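Below: protein-v3.cif (mmCIF, C-alpha atoms)
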```cif
data_target
loop_
_atom_site.label_atom_id
_atom_site.label_comp_id
_atom_site.auth_asym_id
_atom_site.auth_seq_id
_atom_site.Cartn_x
_atom_site.Cartn_y
_atom_site.Cartn_z
CA MET G 1 -12.86 3.16 24.71
CA LYS G 2 -11.85 4.86 21.47
CA LYS G 3 -9.57 2.91 19.14
CA ALA G 4 -7.12 3.76 16.38
CA ILE G 5 -7.96 1.54 13.40
CA PHE G 6 -5.47 0.87 10.60
CA LEU G 7 -6.71 -0.56 7.30
CA ASP G 8 -4.73 -2.06 4.45
CA ILE G 9 -6.24 -1.32 1.03
CA ASP G 10 -5.80 -4.14 -1.48
CA GLY G 11 -7.59 -7.30 -0.42
CA THR G 12 -8.71 -5.74 2.87
CA LEU G 13 -10.63 -2.58 2.02
CA PHE G 14 -10.65 -2.77 -1.79
CA ASP G 15 -12.00 -5.90 -3.48
CA HIS G 16 -10.23 -6.41 -6.81
CA SER G 17 -12.76 -9.02 -7.92
CA THR G 18 -15.42 -6.29 -8.07
CA ASN G 19 -13.08 -3.29 -8.46
CA SER G 20 -14.78 -1.61 -5.52
CA ILE G 21 -15.06 -1.26 -1.76
CA PRO G 22 -17.89 -3.41 -0.36
CA GLU G 23 -20.84 -1.33 0.77
CA SER G 24 -20.72 -3.10 4.14
CA SER G 25 -17.14 -1.89 4.64
CA ILE G 26 -18.10 1.70 3.86
CA LYS G 27 -20.95 1.43 6.35
CA ALA G 28 -18.66 -0.05 9.02
CA ILE G 29 -16.09 2.72 8.63
CA ARG G 30 -18.68 5.49 8.78
CA MET G 31 -20.35 3.97 11.85
CA ALA G 32 -17.01 3.46 13.60
CA LYS G 33 -16.06 7.07 12.91
CA LYS G 34 -19.37 8.27 14.37
CA ASN G 35 -18.51 6.26 17.49
CA GLY G 36 -15.36 8.33 17.89
CA HIS G 37 -12.72 5.91 16.62
CA LEU G 38 -9.78 7.15 14.53
CA ILE G 39 -9.41 5.50 11.12
CA PHE G 40 -6.28 5.38 9.01
CA ILE G 41 -5.32 3.80 5.71
CA CYS G 42 -2.09 1.79 6.06
CA THR G 43 -0.92 0.63 2.64
CA GLY G 44 2.01 -0.30 0.48
CA ARG G 45 0.60 2.00 -2.21
CA GLY G 46 2.30 5.30 -2.87
CA ILE G 47 0.45 8.59 -2.86
CA SER G 48 -0.03 8.54 -6.65
CA GLU G 49 -1.83 5.17 -6.47
CA VAL G 50 -4.11 6.40 -3.71
CA GLY G 51 -4.98 9.79 -5.16
CA ASN G 52 -8.45 10.93 -4.09
CA ASP G 53 -9.97 7.46 -4.43
CA PHE G 54 -10.76 7.24 -0.71
CA SER G 55 -11.61 10.87 0.01
CA PHE G 56 -15.29 9.99 0.47
CA LEU G 57 -14.42 8.00 3.60
CA PRO G 58 -14.09 9.73 7.00
CA LEU G 59 -10.37 9.05 7.36
CA ASP G 60 -7.98 10.60 9.85
CA GLY G 61 -4.89 9.96 7.78
CA TYR G 62 -2.72 7.74 5.62
CA ILE G 63 0.35 5.59 6.12
CA LEU G 64 1.71 5.18 2.58
CA SER G 65 4.55 3.31 0.87
CA CYS G 66 4.82 0.79 3.72
CA GLY G 67 5.43 3.46 6.36
CA ALA G 68 7.74 5.78 4.41
CA ASN G 69 5.16 8.57 3.98
CA ILE G 70 2.63 9.52 6.64
CA PHE G 71 -0.21 12.04 6.74
CA VAL G 72 -2.40 12.80 9.75
CA HIS G 73 -5.34 15.15 9.23
CA LYS G 74 -3.80 16.14 5.88
CA LYS G 75 -0.48 17.11 7.50
CA ASN G 76 2.65 15.30 6.32
CA ILE G 77 4.27 14.18 9.59
CA TYR G 78 6.95 11.85 8.21
CA THR G 79 8.82 11.06 4.99
CA ALA G 80 11.83 8.80 4.45
CA SER G 81 13.65 8.70 1.10
CA PHE G 82 15.25 5.63 -0.46
CA PRO G 83 19.06 5.32 -0.11
CA GLN G 84 20.47 6.53 -3.42
CA ASP G 85 23.10 3.85 -4.02
CA ALA G 86 20.56 1.12 -3.29
CA LEU G 87 17.95 2.77 -5.51
CA HIS G 88 20.26 2.98 -8.51
CA TYR G 89 21.39 -0.61 -7.94
CA CYS G 90 17.78 -1.84 -8.04
CA VAL G 91 16.83 0.24 -11.07
CA ASN G 92 19.84 -0.98 -13.03
CA PHE G 93 19.16 -4.61 -12.09
CA MET G 94 15.47 -4.40 -12.99
CA LYS G 95 16.16 -2.72 -16.32
CA LYS G 96 18.87 -5.24 -17.20
CA HIS G 97 16.67 -8.23 -16.36
CA HIS G 98 13.40 -6.80 -17.75
CA ILE G 99 11.58 -6.68 -14.43
CA GLY G 100 8.58 -4.35 -14.48
CA PHE G 101 8.68 -1.71 -11.76
CA THR G 102 7.16 1.38 -10.22
CA LEU G 103 9.14 3.90 -8.18
CA ASP G 104 6.77 5.33 -5.57
CA GLY G 105 7.62 8.95 -4.89
CA HIS G 106 6.66 11.51 -2.28
CA SER G 107 4.48 13.44 -4.72
CA LYS G 108 4.67 11.41 -7.95
CA SER G 109 5.64 7.98 -9.21
CA PHE G 110 7.61 6.72 -12.19
CA LEU G 111 6.70 3.57 -14.10
CA ASP G 112 8.86 1.57 -16.47
CA GLY G 113 7.37 0.86 -19.91
CA GLU G 114 5.59 -2.36 -18.95
CA ALA G 115 4.15 -0.95 -15.75
CA TYR G 116 3.05 2.24 -17.51
CA ASP G 117 1.28 0.23 -20.22
CA MET G 118 -0.47 -1.84 -17.55
CA PHE G 119 -1.79 1.17 -15.64
CA HIS G 120 -2.66 2.89 -18.93
CA SER G 121 -4.85 -0.11 -19.81
CA PHE G 122 -6.60 0.20 -16.42
CA LYS G 123 -7.36 3.87 -17.11
CA LEU G 124 -8.65 3.12 -20.62
CA GLU G 125 -11.83 1.67 -19.15
CA GLN G 126 -12.49 4.90 -17.25
CA ALA G 127 -11.65 6.89 -20.38
CA ASN G 128 -13.98 4.96 -22.70
CA ASN G 129 -10.97 3.69 -24.67
CA ASP G 130 -9.66 7.21 -25.29
CA SER G 131 -5.89 6.70 -25.09
CA GLU G 132 -5.03 10.39 -24.65
CA LEU G 133 -7.61 10.79 -21.91
CA ALA G 134 -6.19 7.69 -20.18
CA ARG G 135 -2.74 9.30 -20.24
CA ALA G 136 -4.23 12.51 -18.85
CA LEU G 137 -5.76 10.50 -16.00
CA LEU G 138 -2.37 8.98 -15.23
CA ASN G 139 -0.81 12.44 -15.21
CA GLU G 140 -3.59 13.63 -12.93
CA ASN G 141 -2.65 10.82 -10.54
CA LYS G 142 1.00 11.90 -10.78
CA MET G 143 2.01 8.66 -12.51
CA PHE G 144 4.65 9.20 -15.19
CA HIS G 145 6.70 7.12 -17.58
CA PHE G 146 10.17 6.30 -16.24
CA SER G 147 11.75 7.98 -19.26
CA SER G 148 10.65 11.34 -17.84
CA ILE G 149 12.47 10.96 -14.51
CA LYS G 150 15.00 13.68 -13.66
CA PRO G 151 18.08 13.28 -11.41
CA ILE G 152 16.43 15.29 -8.62
CA ASP G 153 13.38 12.97 -8.67
CA TYR G 154 15.47 10.07 -7.39
CA TYR G 155 15.76 11.83 -4.04
CA SER G 156 11.99 11.71 -3.50
CA ILE G 157 11.55 7.96 -4.08
CA LEU G 158 10.14 6.05 -1.09
CA LYS G 159 9.54 2.47 -2.24
CA ILE G 160 9.79 0.13 -5.24
CA SER G 161 7.04 -2.16 -6.51
CA LEU G 162 8.01 -4.83 -9.04
CA PHE G 163 6.53 -7.62 -11.12
CA SER G 164 7.76 -10.25 -13.55
CA LYS G 165 6.87 -13.59 -15.07
CA ASP G 166 10.40 -14.75 -14.21
CA ARG G 167 10.32 -15.48 -10.47
CA LYS G 168 13.90 -16.74 -10.47
CA VAL G 169 15.35 -13.40 -11.52
CA CYS G 170 13.19 -11.63 -8.90
CA GLU G 171 14.61 -13.97 -6.27
CA GLU G 172 18.12 -13.13 -7.46
CA LEU G 173 17.35 -9.44 -6.94
CA MET G 174 16.02 -10.04 -3.44
CA GLN G 175 19.06 -12.08 -2.49
CA SER G 176 21.44 -9.37 -3.70
CA LEU G 177 19.79 -6.31 -2.09
CA PRO G 178 22.12 -3.89 -0.28
CA ASN G 179 21.73 -4.03 3.51
CA THR G 180 20.08 -0.60 3.64
CA ILE G 181 16.93 -1.97 2.01
CA THR G 182 14.77 -5.07 2.27
CA GLY G 183 12.03 -6.71 0.23
CA PHE G 184 9.70 -9.61 -0.31
CA LEU G 185 7.94 -11.51 -3.09
CA ASN G 186 4.36 -12.69 -2.95
CA THR G 187 3.58 -16.35 -2.38
CA SER G 188 1.00 -16.51 -5.14
CA THR G 189 1.11 -19.47 -7.52
CA SER G 190 0.01 -17.28 -10.43
CA SER G 191 2.31 -16.81 -13.42
CA LEU G 192 3.14 -13.23 -12.37
CA THR G 193 5.41 -12.59 -9.41
CA HIS G 194 4.86 -9.37 -7.46
CA GLY G 195 7.18 -7.86 -4.90
CA GLU G 196 8.08 -4.77 -2.94
CA ILE G 197 11.40 -3.26 -1.86
CA MET G 198 11.46 -0.92 1.11
CA ILE G 199 13.92 1.00 3.25
CA ASP G 200 15.26 -1.35 5.92
CA GLY G 201 13.72 -0.68 9.32
CA ILE G 202 10.68 1.14 7.92
CA THR G 203 7.44 -0.84 7.79
CA LYS G 204 3.72 -0.39 8.23
CA ALA G 205 4.36 -1.13 11.91
CA THR G 206 6.83 1.75 12.33
CA GLY G 207 4.29 3.93 10.53
CA ILE G 208 1.60 2.95 13.02
CA LYS G 209 3.91 3.77 15.93
CA LYS G 210 4.58 7.24 14.53
CA VAL G 211 0.86 7.86 14.11
CA LEU G 212 0.06 6.64 17.62
CA ASP G 213 2.77 8.85 19.08
CA TYR G 214 1.48 11.83 17.09
CA VAL G 215 -2.19 11.41 18.10
CA ARG G 216 -1.16 10.31 21.64
CA PHE G 217 -2.93 6.98 21.56
CA PRO G 218 -1.54 4.00 23.53
CA ILE G 219 -0.70 0.89 21.53
CA GLU G 220 -3.29 -0.93 23.66
CA ASP G 221 -5.98 0.95 21.70
CA SER G 222 -4.73 0.00 18.23
CA ILE G 223 -6.31 -2.46 15.78
CA ALA G 224 -4.83 -3.34 12.38
CA PHE G 225 -6.49 -5.11 9.44
CA GLY G 226 -4.58 -6.76 6.59
CA ASP G 227 -4.23 -9.72 4.28
CA SER G 228 -0.79 -9.84 2.65
CA LEU G 229 2.85 -10.32 3.60
CA ASN G 230 3.61 -6.62 4.02
CA ASP G 231 0.89 -6.55 6.71
CA ILE G 232 2.59 -9.05 9.02
CA GLU G 233 4.61 -6.48 10.98
CA MET G 234 1.63 -4.22 11.63
CA LEU G 235 -0.63 -7.09 12.70
CA LYS G 236 2.02 -8.28 15.16
CA PHE G 237 2.72 -4.75 16.40
CA SER G 238 -0.87 -3.61 16.98
CA ASN G 239 -2.74 -4.66 20.07
CA ILE G 240 -5.17 -6.61 17.89
CA GLY G 241 -4.18 -7.84 14.45
CA VAL G 242 -6.98 -8.97 12.15
CA CYS G 243 -6.42 -10.97 8.97
CA MET G 244 -9.05 -11.15 6.25
CA GLY G 245 -10.43 -14.59 5.41
CA ASN G 246 -8.94 -14.21 1.93
CA GLY G 247 -5.52 -13.41 3.41
CA ASP G 248 -2.20 -15.18 2.93
CA LYS G 249 -1.75 -18.24 5.15
CA GLU G 250 1.40 -16.76 6.66
CA VAL G 251 -0.53 -13.65 7.69
CA LYS G 252 -3.28 -15.74 9.28
CA LYS G 253 -0.65 -17.41 11.48
CA VAL G 254 0.30 -14.13 13.17
CA ALA G 255 -3.21 -12.65 13.42
CA ASP G 256 -5.14 -12.49 16.68
CA PHE G 257 -8.36 -12.91 14.75
CA VAL G 258 -9.21 -14.13 11.25
CA THR G 259 -12.41 -12.59 9.95
CA LYS G 260 -14.50 -13.53 6.93
CA SER G 261 -13.31 -12.87 3.38
CA ILE G 262 -13.64 -9.42 1.86
CA ASP G 263 -16.44 -10.63 -0.42
CA LYS G 264 -18.29 -12.02 2.60
CA ASN G 265 -18.46 -8.68 4.44
CA GLY G 266 -15.35 -9.54 6.42
CA LEU G 267 -14.49 -6.01 7.50
CA TYR G 268 -18.01 -5.29 8.77
CA TYR G 269 -18.09 -8.66 10.53
CA ALA G 270 -14.82 -7.91 12.33
CA PHE G 271 -15.95 -4.40 13.34
CA VAL G 272 -19.05 -5.96 14.95
CA LYS G 273 -17.05 -8.69 16.69
CA LEU G 274 -14.60 -6.11 18.07
CA LYS G 275 -17.48 -3.90 19.25
CA LEU G 276 -16.42 -0.92 17.17
CA LEU G 277 -19.98 -0.25 15.97
#
```

Exercise: express the given structure as structure tokens:
Amino acid sequence: MKKAIFLDIDGTLFDHSTNSIPESSIKAIRMAKKNGHLIFICTGRGISEVGNDFSFLPLDGYILSCGANIFVHKKNIYTASFPQDALHYCVNFMKKHHIGFTLDGHSKSFLDGEAYDMFHSFKLEQANNDSELARALLNENKMFHFSSIKPIDYYSILKISLFSKDRKVCEELMQSLPNTITGFLNTSTSSLTHGEIMIDGITKATGIKKVLDYVRFPIEDSIAFGDSLNDIEMLKFSNIGVCMGNGDKEVKKVADFVTKSIDKNGLYYAFVKLKLL
């Protein structure tokens, strides 16, 4: 029986400790595709953060920005824009309290100064420490400094990513969010707090449902893989929810199966156990 497989990126497909996708995961995906299964990325990342980084994989589509932007066979089948009042409220709060943020857009993203500097430093390695080339790479990925945002760009924003060393002020933001949006903060004990703010009622799970309806697959043939808090809904929604061994403890609680860690060939191991290969 053919399955529809949904893969989170960070911590599930992409190993940040090595800055790469494990070779075993690439092999598993290619073998599963040859066996006729459909394979989709399902991520909190916006389109600018995904770029063409995964184009070498035999993917059938992408669920981006936690379900707010969906592509199947390169066709955009769904997009939901952030409520404007709520968006401006969040931006003003984050600027006032010096919270770093990224506004994920339909075709491009806007980064506040701290976030832009962080991503610029990531690109410097690729650019052999050439600062101008690093900026060009960011532009190529449609990632721009927040100072360049235009009024019309606000209407294409899908999701907010944020980070700060001050967890208390991030909690204050989450507690004061308008009821049209929702968000969460990571449970990491590191000095940096990360979080995401999404449109209320739109999640990776709603994204999966839209994809299944579009490709006419029953939910009984769906399998989702994840590791972090924004994966909980999709793991609970899919027929089989798999948490990586390196996943958050709260995610493991809702998973049907906990596989090995990403650095222990966890994705490949799960594909074998689920008889996808």

Inset, instruction - Within 10 Å of Gly183 (chain G), counting all atoms listed in the file, which residues show up once you throw out same-chain ones fewer than 3 positions away? Write them as a PyMOL selection string, please. - result: chain G and resi 159-161+173-175+177+195-200+230

Inset, instruction - Identify, on the basis of all atoms listed in the file, every residue whose closest approach to Phe14 (chain G) does not exceed 12 Å; exclude the query and any residue fewer than 4 positions from it along the same chain; express the result as a PyMOL selection string. - result: chain G and resi 7-10+18-26+41+43+50+53-54+226-227+244+261-263+265-267

Inset, instruction - Find the distance between CA of Gly105 (chain G) and CA of Phe122 (chain G) and write it in Å to one decimal. - result: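 Going from CA of Gly105 (chain G) over to CA of Phe122 (chain G), I get 20.3 Å.
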
Give me the residues within 12 Å of Pro151 (chain G) as a compact mmCIF listing (two decimals) with C-alpha atoms, keeping the file's coordinate frame, counting only C-alpha atoms and dropping any in the same chain fewer than 5 places off.
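Okay, selection_37.txt is ready:
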```txt
# COMPACT_ATOMS: atom_id res chain seq x y z
CA GLN G 84 20.47 6.53 -3.42
CA HIS G 88 20.26 2.98 -8.51
CA PHE G 146 10.17 6.30 -16.24
CA SER G 156 11.99 11.71 -3.50
CA ILE G 157 11.55 7.96 -4.08
```

Inset, instruction - To verify the selection step, state as a list in words which residues the PyMOL selection byres ((chain G and resi 66) around 9) yields on this input. - result: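 After applying the PyMOL selection byres ((chain G and resi 66) around 9), what remains is Cys42, Thr43, Gly44, Arg45, Gly46, Ile63, Leu64, Ser65, Gly67, Ala68, Asn69, Leu158, Lys159, Met198, Ile202, Thr203, Lys204, Ala205, Thr206, Gly207, Asn230 and Asp231 of chain G.
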
List the neighbours of region 166-168 of chain G out to 12 Å using only C-alpha atoms; skip same-chain residues closer than 3 positions along the sequence, and give me the result as a compact mmCIF listing (two decimals) with C-alpha atoms, in the coordinates of the input.
```txt
# COMPACT_ATOMS: atom_id res chain seq x y z
CA MET G 94 15.47 -4.40 -12.99
CA HIS G 97 16.67 -8.23 -16.36
CA HIS G 98 13.40 -6.80 -17.75
CA ILE G 99 11.58 -6.68 -14.43
CA GLY G 100 8.58 -4.35 -14.48
CA LEU G 162 8.01 -4.83 -9.04
CA PHE G 163 6.53 -7.62 -11.12
CA GLU G 171 14.61 -13.97 -6.27
CA GLU G 172 18.12 -13.13 -7.46
CA LEU G 173 17.35 -9.44 -6.94
CA MET G 174 16.02 -10.04 -3.44
CA GLN G 175 19.06 -12.08 -2.49
CA PHE G 184 9.70 -9.61 -0.31
CA LEU G 185 7.94 -11.51 -3.09
CA ASN G 186 4.36 -12.69 -2.95
CA THR G 187 3.58 -16.35 -2.38
CA SER G 188 1.00 -16.51 -5.14
CA THR G 189 1.11 -19.47 -7.52
CA SER G 190 0.01 -17.28 -10.43
CA SER G 191 2.31 -16.81 -13.42
CA LEU G 192 3.14 -13.23 -12.37
CA THR G 193 5.41 -12.59 -9.41
CA HIS G 194 4.86 -9.37 -7.46
CA GLY G 195 7.18 -7.86 -4.90
```

Legend entry - Pick from G:Cys243, G:Ile152, G:Leu59, G:Ile232, whichever lies nearest to Ala32 (chain G) using only C-alpha atoms: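 Ranking G:Cys243, G:Ile152, G:Leu59, G:Ile232 by distance to Ala32 (chain G), first place goes to G:Leu59.
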
Inset, instruction - Just give me the gap between CA of Lys150 (chain G) and CA of Glu49 (chain G) in Å, one decimal is fine. - result: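 Separation of CA of Lys150 (chain G) and CA of Glu49 (chain G): 20.2 Å.
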
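Residue membership of the PyMOL selection byres ((chain G and resi 71-79) around 6) in the shown file amounts to Asp60, Gly61, Tyr62, Ala68, Asn69, Ile70 and Ala80 of chain G.
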
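Straight-line separation from CA of Ala255 (chain G) to CA of Ser222 (chain G): 13.6 Å.
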
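Against the coordinates shown, the PyMOL selection byres ((chain G and resi 219) around 9) returns Ala4, Lys209, Leu212, Phe217, Pro218, Glu220, Asp221, Ser222, Ile223, Phe237, Ser238 and Asn239 of chain G.
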
Could you write out that same residue set with C-alpha atoms as a PDB file, in the frame of the given file?
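And here's selection-v7.pdb as it stands now:
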```
ATOM      1  CA  ALA G   4      -7.120   3.760  16.380  1.00  0.00           C
ATOM      2  CA  LYS G 209       3.910   3.770  15.930  1.00  0.00           C
ATOM      3  CA  LEU G 212       0.060   6.640  17.620  1.00  0.00           C
ATOM      4  CA  PHE G 217      -2.930   6.980  21.560  1.00  0.00           C
ATOM      5  CA  PRO G 218      -1.540   4.000  23.530  1.00  0.00           C
ATOM      6  CA  GLU G 220      -3.290  -0.930  23.660  1.00  0.00           C
ATOM      7  CA  ASP G 221      -5.980   0.950  21.700  1.00  0.00           C
ATOM      8  CA  SER G 222      -4.730   0.000  18.230  1.00  0.00           C
ATOM      9  CA  ILE G 223      -6.310  -2.460  15.780  1.00  0.00           C
ATOM     10  CA  PHE G 237       2.720  -4.750  16.400  1.00  0.00           C
ATOM     11  CA  SER G 238      -0.870  -3.610  16.980  1.00  0.00           C
ATOM     12  CA  ASN G 239      -2.740  -4.660  20.070  1.00  0.00           C
TER      13      ASN G 239
END
```

Legend entry - Shortest interatomic distance to Ile208 (chain G) - which of G:Leu277, G:Leu57, G:Met1, G:Ile39, counting all atoms listed in the file: G:Ile39

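Nearest residue to Gly51 (chain G), choosing from G:Ile240, G:Met143, G:Leu38, G:Met118 and counting all atoms listed in the file: G:Met143.
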
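Among the candidate residues G:Asn129, G:Asn35, G:Thr182, G:Asn141, the one lying nearest to Lys108 (chain G) is G:Asn141, with distances computed using only C-alpha atoms.
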
Inset, instruction - Might you pull out every residue within 8 Å of Ala270 (chain G), with only C-alpha atoms counted and same-chain residues fewer than 5 positions away left off, and present them as JSON, numbers by chain? - result: {"G": [242, 259, 260]}

Inset, instruction - Between G:Val169, G:Met31, G:Ala136, G:Leu103, single out the one closest to Asp153 (chain G), counting only C-alpha atoms. - result: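 That would be G:Leu103, the residue with the smallest distance to Asp153 (chain G).
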
Inset, instruction - Point out the residue among G:Ser48, G:Lys210, G:Gln126, G:Cys90 with the least atom-to-atom distance to Asp104 (chain G), counting all atoms listed in the file. - result: G:Ser48
